[in-house]
>>> print(open('start28.pdb').read())   # PDB, C-alpha atoms, pLDDT in the B column
ATOM      1  CA  MET E   1       0.000   0.000   0.000  1.00 84.00           C
ATOM      2  CA  ASN E   2       1.435   3.322  -1.078  1.00 92.00           C
ATOM      3  CA  ILE E   3      -0.384   6.548  -0.201  1.00 93.00           C
ATOM      4  CA  THR E   4       1.108   9.903  -1.175  1.00 94.00           C
ATOM      5  CA  THR E   5      -0.361  13.094   0.284  1.00 94.00           C
ATOM      6  CA  THR E   6       0.217  16.512  -1.284  1.00 95.00           C
ATOM      7  CA  PHE E   7      -0.889  19.848   0.153  1.00 95.00           C
ATOM      8  CA  ARG E   8      -1.506  22.786  -2.151  1.00 94.00           C
ATOM      9  CA  GLN E   9      -2.032  26.379  -1.078  1.00 90.00           C
ATOM     10  CA  MET E  10      -2.229  25.394   2.584  1.00 89.00           C
ATOM     11  CA  ASP E  11      -0.006  24.339   5.449  1.00 90.00           C
ATOM     12  CA  GLY E  12      -0.236  20.600   5.928  1.00 89.00           C
ATOM     13  CA  THR E  13      -0.548  19.200   9.417  1.00 92.00           C
ATOM     14  CA  ASP E  14       0.215  15.697  10.574  1.00 94.00           C
ATOM     15  CA  ALA E  15      -3.342  15.340  11.894  1.00 95.00           C
ATOM     16  CA  VAL E  16      -4.902  15.926   8.461  1.00 95.00           C
ATOM     17  CA  ARG E  17      -2.274  13.771   6.738  1.00 95.00           C
ATOM     18  CA  ASN E  18      -2.842  10.879   9.162  1.00 95.00           C
ATOM     19  CA  TYR E  19      -6.630  11.219   8.904  1.00 96.00           C
ATOM     20  CA  ALA E  20      -6.514  11.036   5.102  1.00 95.00           C
ATOM     21  CA  HIS E  21      -4.047   8.132   5.207  1.00 95.00           C
ATOM     22  CA  ASP E  22      -6.223   6.132   7.625  1.00 95.00           C
ATOM     23  CA  LYS E  23      -9.411   6.720   5.628  1.00 94.00           C
ATOM     24  CA  ILE E  24      -7.822   5.784   2.276  1.00 94.00           C
ATOM     25  CA  ALA E  25      -6.106   2.747   3.823  1.00 92.00           C
ATOM     26  CA  LYS E  26      -9.501   1.341   4.823  1.00 93.00           C
ATOM     27  CA  LEU E  27     -10.393   1.057   1.122  1.00 91.00           C
ATOM     28  CA  GLN E  28      -7.738  -1.667   0.754  1.00 89.00           C
ATOM     29  CA  ARG E  29     -10.112  -4.226   2.285  1.00 88.00           C
ATOM     30  CA  PHE E  30     -12.382  -3.905  -0.794  1.00 86.00           C
ATOM     31  CA  LEU E  31      -9.551  -4.382  -3.280  1.00 87.00           C
ATOM     32  CA  ARG E  32      -7.751  -7.531  -4.326  1.00 85.00           C
ATOM     33  CA  HIS E  33      -4.461  -5.921  -5.446  1.00 89.00           C
ATOM     34  CA  ALA E  34      -2.131  -3.543  -3.624  1.00 90.00           C
ATOM     35  CA  LEU E  35      -3.408  -0.004  -3.342  1.00 90.00           C
ATOM     36  CA  ARG E  36      -1.623   3.082  -4.684  1.00 94.00           C
ATOM     37  CA  ALA E  37      -3.250   6.423  -3.939  1.00 95.00           C
ATOM     38  CA  ASP E  38      -2.328  10.016  -4.693  1.00 96.00           C
ATOM     39  CA  VAL E  39      -4.173  12.375  -2.346  1.00 96.00           C
ATOM     40  CA  THR E  40      -4.160  16.113  -3.048  1.00 96.00           C
ATOM     41  CA  LEU E  41      -5.587  18.424  -0.399  1.00 96.00           C
ATOM     42  CA  SER E  42      -5.999  22.089  -1.233  1.00 96.00           C
ATOM     43  CA  VAL E  43      -7.921  25.251  -0.435  1.00 95.00           C
ATOM     44  CA  GLU E  44      -9.734  27.234  -3.143  1.00 94.00           C
ATOM     45  CA  GLY E  45     -11.258  30.378  -1.732  1.00 92.00           C
ATOM     46  CA  ASN E  46     -13.293  29.273   1.281  1.00 93.00           C
ATOM     47  CA  LYS E  47     -13.665  25.673   0.089  1.00 95.00           C
ATOM     48  CA  HIS E  48     -11.466  22.742   1.100  1.00 96.00           C
ATOM     49  CA  VAL E  49     -10.851  20.327  -1.773  1.00 96.00           C
ATOM     50  CA  ALA E  50      -9.844  16.670  -1.552  1.00 96.00           C
ATOM     51  CA  ASP E  51      -8.778  14.946  -4.801  1.00 97.00           C
ATOM     52  CA  VAL E  52      -7.862  11.262  -4.771  1.00 96.00           C
ATOM     53  CA  ARG E  53      -6.512   9.116  -7.589  1.00 96.00           C
ATOM     54  CA  LEU E  54      -6.585   5.446  -6.666  1.00 94.00           C
ATOM     55  CA  LYS E  55      -4.957   2.578  -8.553  1.00 94.00           C
ATOM     56  CA  SER E  56      -5.198  -1.102  -7.713  1.00 90.00           C
ATOM     57  CA  GLY E  57      -4.134  -3.602 -10.343  1.00 88.00           C
ATOM     58  CA  ALA E  58      -5.878  -2.576 -13.562  1.00 87.00           C
ATOM     59  CA  THR E  59      -8.524  -0.533 -11.724  1.00 88.00           C
ATOM     60  CA  LEU E  60      -8.139   3.249 -11.776  1.00 93.00           C
ATOM     61  CA  LEU E  61     -10.587   5.361  -9.765  1.00 94.00           C
ATOM     62  CA  ASN E  62     -10.793   9.127  -9.292  1.00 96.00           C
ATOM     63  CA  GLY E  63     -12.725  11.188  -6.802  1.00 96.00           C
ATOM     64  CA  SER E  64     -12.940  14.867  -5.940  1.00 96.00           C
ATOM     65  CA  GLU E  65     -15.012  16.604  -3.291  1.00 96.00           C
ATOM     66  CA  ARG E  66     -15.178  20.101  -1.843  1.00 95.00           C
ATOM     67  CA  SER E  67     -16.780  21.418   1.322  1.00 96.00           C
ATOM     68  CA  ASP E  68     -16.280  23.972   4.086  1.00 96.00           C
ATOM     69  CA  ASP E  69     -14.251  21.519   6.209  1.00 95.00           C
ATOM     70  CA  MET E  70     -11.206  19.471   5.132  1.00 95.00           C
ATOM     71  CA  TYR E  71     -12.195  16.459   7.220  1.00 96.00           C
ATOM     72  CA  ALA E  72     -15.672  16.487   5.647  1.00 96.00           C
ATOM     73  CA  SER E  73     -14.128  16.667   2.162  1.00 96.00           C
ATOM     74  CA  ILE E  74     -11.969  13.637   2.922  1.00 96.00           C
ATOM     75  CA  ASP E  75     -14.978  11.701   4.235  1.00 96.00           C
ATOM     76  CA  LEU E  76     -17.047  12.561   1.155  1.00 96.00           C
ATOM     77  CA  VAL E  77     -14.354  11.544  -1.318  1.00 97.00           C
ATOM     78  CA  VAL E  78     -13.782   8.232   0.518  1.00 96.00           C
ATOM     79  CA  ASP E  79     -17.522   7.507   0.348  1.00 95.00           C
ATOM     80  CA  LYS E  80     -17.489   8.272  -3.368  1.00 96.00           C
ATOM     81  CA  LEU E  81     -14.521   5.960  -3.987  1.00 94.00           C
ATOM     82  CA  GLU E  82     -16.137   3.193  -1.947  1.00 92.00           C
ATOM     83  CA  ARG E  83     -19.253   3.382  -4.151  1.00 91.00           C
ATOM     84  CA  GLN E  84     -17.061   3.244  -7.274  1.00 91.00           C
ATOM     85  CA  ILE E  85     -15.213   0.192  -5.945  1.00 89.00           C
ATOM     86  CA  ARG E  86     -18.494  -1.601  -5.190  1.00 87.00           C
ATOM     87  CA  THR E  87     -19.715  -0.869  -8.726  1.00 86.00           C
ATOM     88  CA  VAL E  88     -16.518  -2.182 -10.308  1.00 85.00           C
ATOM     89  CA  LYS E  89     -16.518  -5.301  -8.138  1.00 78.00           C
ATOM     90  CA  GLY E  90     -20.174  -5.972  -8.914  1.00 74.00           C
ATOM     91  CA  THR E  91     -19.505  -5.752 -12.648  1.00 66.00           C
ATOM     92  CA  SER E  92     -16.558  -8.127 -12.534  1.00 61.00           C
ATOM     93  CA  ALA E  93     -18.398 -10.575 -10.256  1.00 59.00           C
ATOM     94  CA  SER E  94     -21.369 -10.810 -12.624  1.00 61.00           C
ATOM     95  CA  ARG E  95     -19.033 -11.518 -15.546  1.00 60.00           C
ATOM     96  CA  LYS E  96     -17.228 -14.220 -13.595  1.00 60.00           C
ATOM     97  CA  ARG E  97     -20.505 -15.902 -12.679  1.00 61.00           C
ATOM     98  CA  GLY E  98     -21.660 -15.982 -16.282  1.00 65.00           C
ATOM     99  CA  GLY E  99     -23.950 -12.963 -16.064  1.00 64.00           C
ATOM    100  CA  MET E 100     -24.898 -11.207 -19.265  1.00 64.00           C
ATOM    101  CA  THR E 101     -23.573  -7.818 -20.226  1.00 64.00           C
ATOM    102  CA  ALA E 102     -26.052  -5.106 -21.213  1.00 62.00           C
ATOM    103  CA  GLY E 103     -25.297  -5.657 -24.920  1.00 65.00           C
ATOM    104  CA  GLU E 104     -25.898  -9.391 -24.690  1.00 70.00           C
ATOM    105  CA  PHE E 105     -29.168  -8.815 -22.841  1.00 66.00           C
ATOM    106  CA  ALA E 106     -30.355  -6.361 -25.519  1.00 67.00           C
ATOM    107  CA  GLN E 107     -29.501  -8.796 -28.321  1.00 72.00           C
ATOM    108  CA  GLN E 108     -31.374 -11.602 -26.573  1.00 71.00           C
ATOM    109  CA  GLY E 109     -34.431  -9.360 -26.234  1.00 66.00           C
ATOM    110  CA  GLU E 110     -34.331  -8.476 -29.935  1.00 68.00           C
ATOM    111  CA  ARG E 111     -34.094 -12.145 -30.930  1.00 71.00           C
ATOM    112  CA  SER E 112     -37.106 -13.100 -28.839  1.00 70.00           C
ATOM    113  CA  ARG E 113     -39.207 -10.303 -30.402  1.00 67.00           C
ATOM    114  CA  GLY E 114     -38.208 -10.995 -33.998  1.00 58.00           C
TER     115      GLY E 114
END
>>> encode(input="start28.pdb", output="structure tokens")
Amino acid sequence: MNITTTFRQMDGTDAVRNYAHDKIAKLQRFLRHALRADVTLSVEGNKHVADVRLKSGATLLNGSERSDDMYASIDLVVDKLERQIRTVKGTSASRKRGGMTAGEFAQQGERSRG
């Protein structure tokens, strides 16, 4: 697991860095391969922005959130990435179990009508 944290236009504290690291590290339990994450925390005007680029094996996920509080931004972006991971895992699981893709389902429907 490799998590890199970058601060832009703000002074980074160990508390924020550790909070982001702990939250992103919890996403590893959903992934099969080793996690590599690039976390960018910045301030734009009055908004705190958290951008995360996550790579695990062939899976590449991106998330960005902004709010009035940095901790809230980190929580929101982790929730977004968790939803993306669940979607990706659900897609691959259905393919492994012999589930049909959307294109195959549409073709089957056309054949039964015609």
>>> resolve_selection(input="start28.pdb", expression="the PyMOL selection byres ((chain E and resi 45) around 12)", output="PyMOL selection string")
chain E and resi 9-10+42-44+46-49+66-68
>>> resolve_selection(input="start28.pdb", expression="the PyMOL selection byres ((chain E and resi 56) around 9)", output="list of chain:residue names")
E:Gln28, E:Leu31, E:Arg32, E:His33, E:Ala34, E:Leu35, E:Arg36, E:Ala37, E:Leu54, E:Lys55, E:Gly57, E:Ala58, E:Thr59, E:Leu60, E:Leu61
>>> resolve_selection(input="start28.pdb", expression="the PyMOL selection byres ((chain E and resi 74) around 8)", output="list in words")
Ala20, Lys23, Ala50, Glu65, Met70, Tyr71, Ala72, Ser73, Asp75, Leu76, Val77 and Val78 of chain E
>>> closest_residue(input="start28.pdb", among="E:Val88, E:Leu27, E:Thr4, E:Asp14", to="Thr40 in chain E", atoms="all atoms listed in the file")
E:Thr4
>>> atom_distance(input="start28.pdb", atom1="CA of Glu82 in chain E", atom2="CA of Asp69 in chain E")
20.1 Å
>>> axis_aligned_box(input="start28.pdb", around="range 44-59 of chain E", padding_each_side="6 Å", output="JSON")
{"center_x": -8.9, "center_y": 13.4, "center_z": -6.1, "size_x": 21.5, "size_y": 46.0, "size_z": 26.8}
>>> closest_residue(input="start28.pdb", among="E:Phe30, E:Ser64, E:Ser112, E:Thr5", to="Asn18 in chain E", atoms="all atoms listed in the file")
E:Thr5
>>> closest_residue(input="start28.pdb", among="E:Arg17, E:Met1, E:Leu41, E:Val52", to="Arg29 in chain E", atoms="all atoms listed in the file")
E:Met1
>>> atom_distance(input="start28.pdb", atom1="CA of Val16 in chain E", atom2="CA of Gly63 in chain E")
17.8 Å
>>> closest_residue(input="start28.pdb", among="E:Asp11, E:Asp38, E:Asp22, E:Glu104", to="Arg53 in chain E", atoms="all atoms listed in the file")
E:Asp38
>>> atom_distance(input="start28.pdb", atom1="CA of Thr87 in chain E", atom2="CA of Thr6 in chain E")
27.5 Å
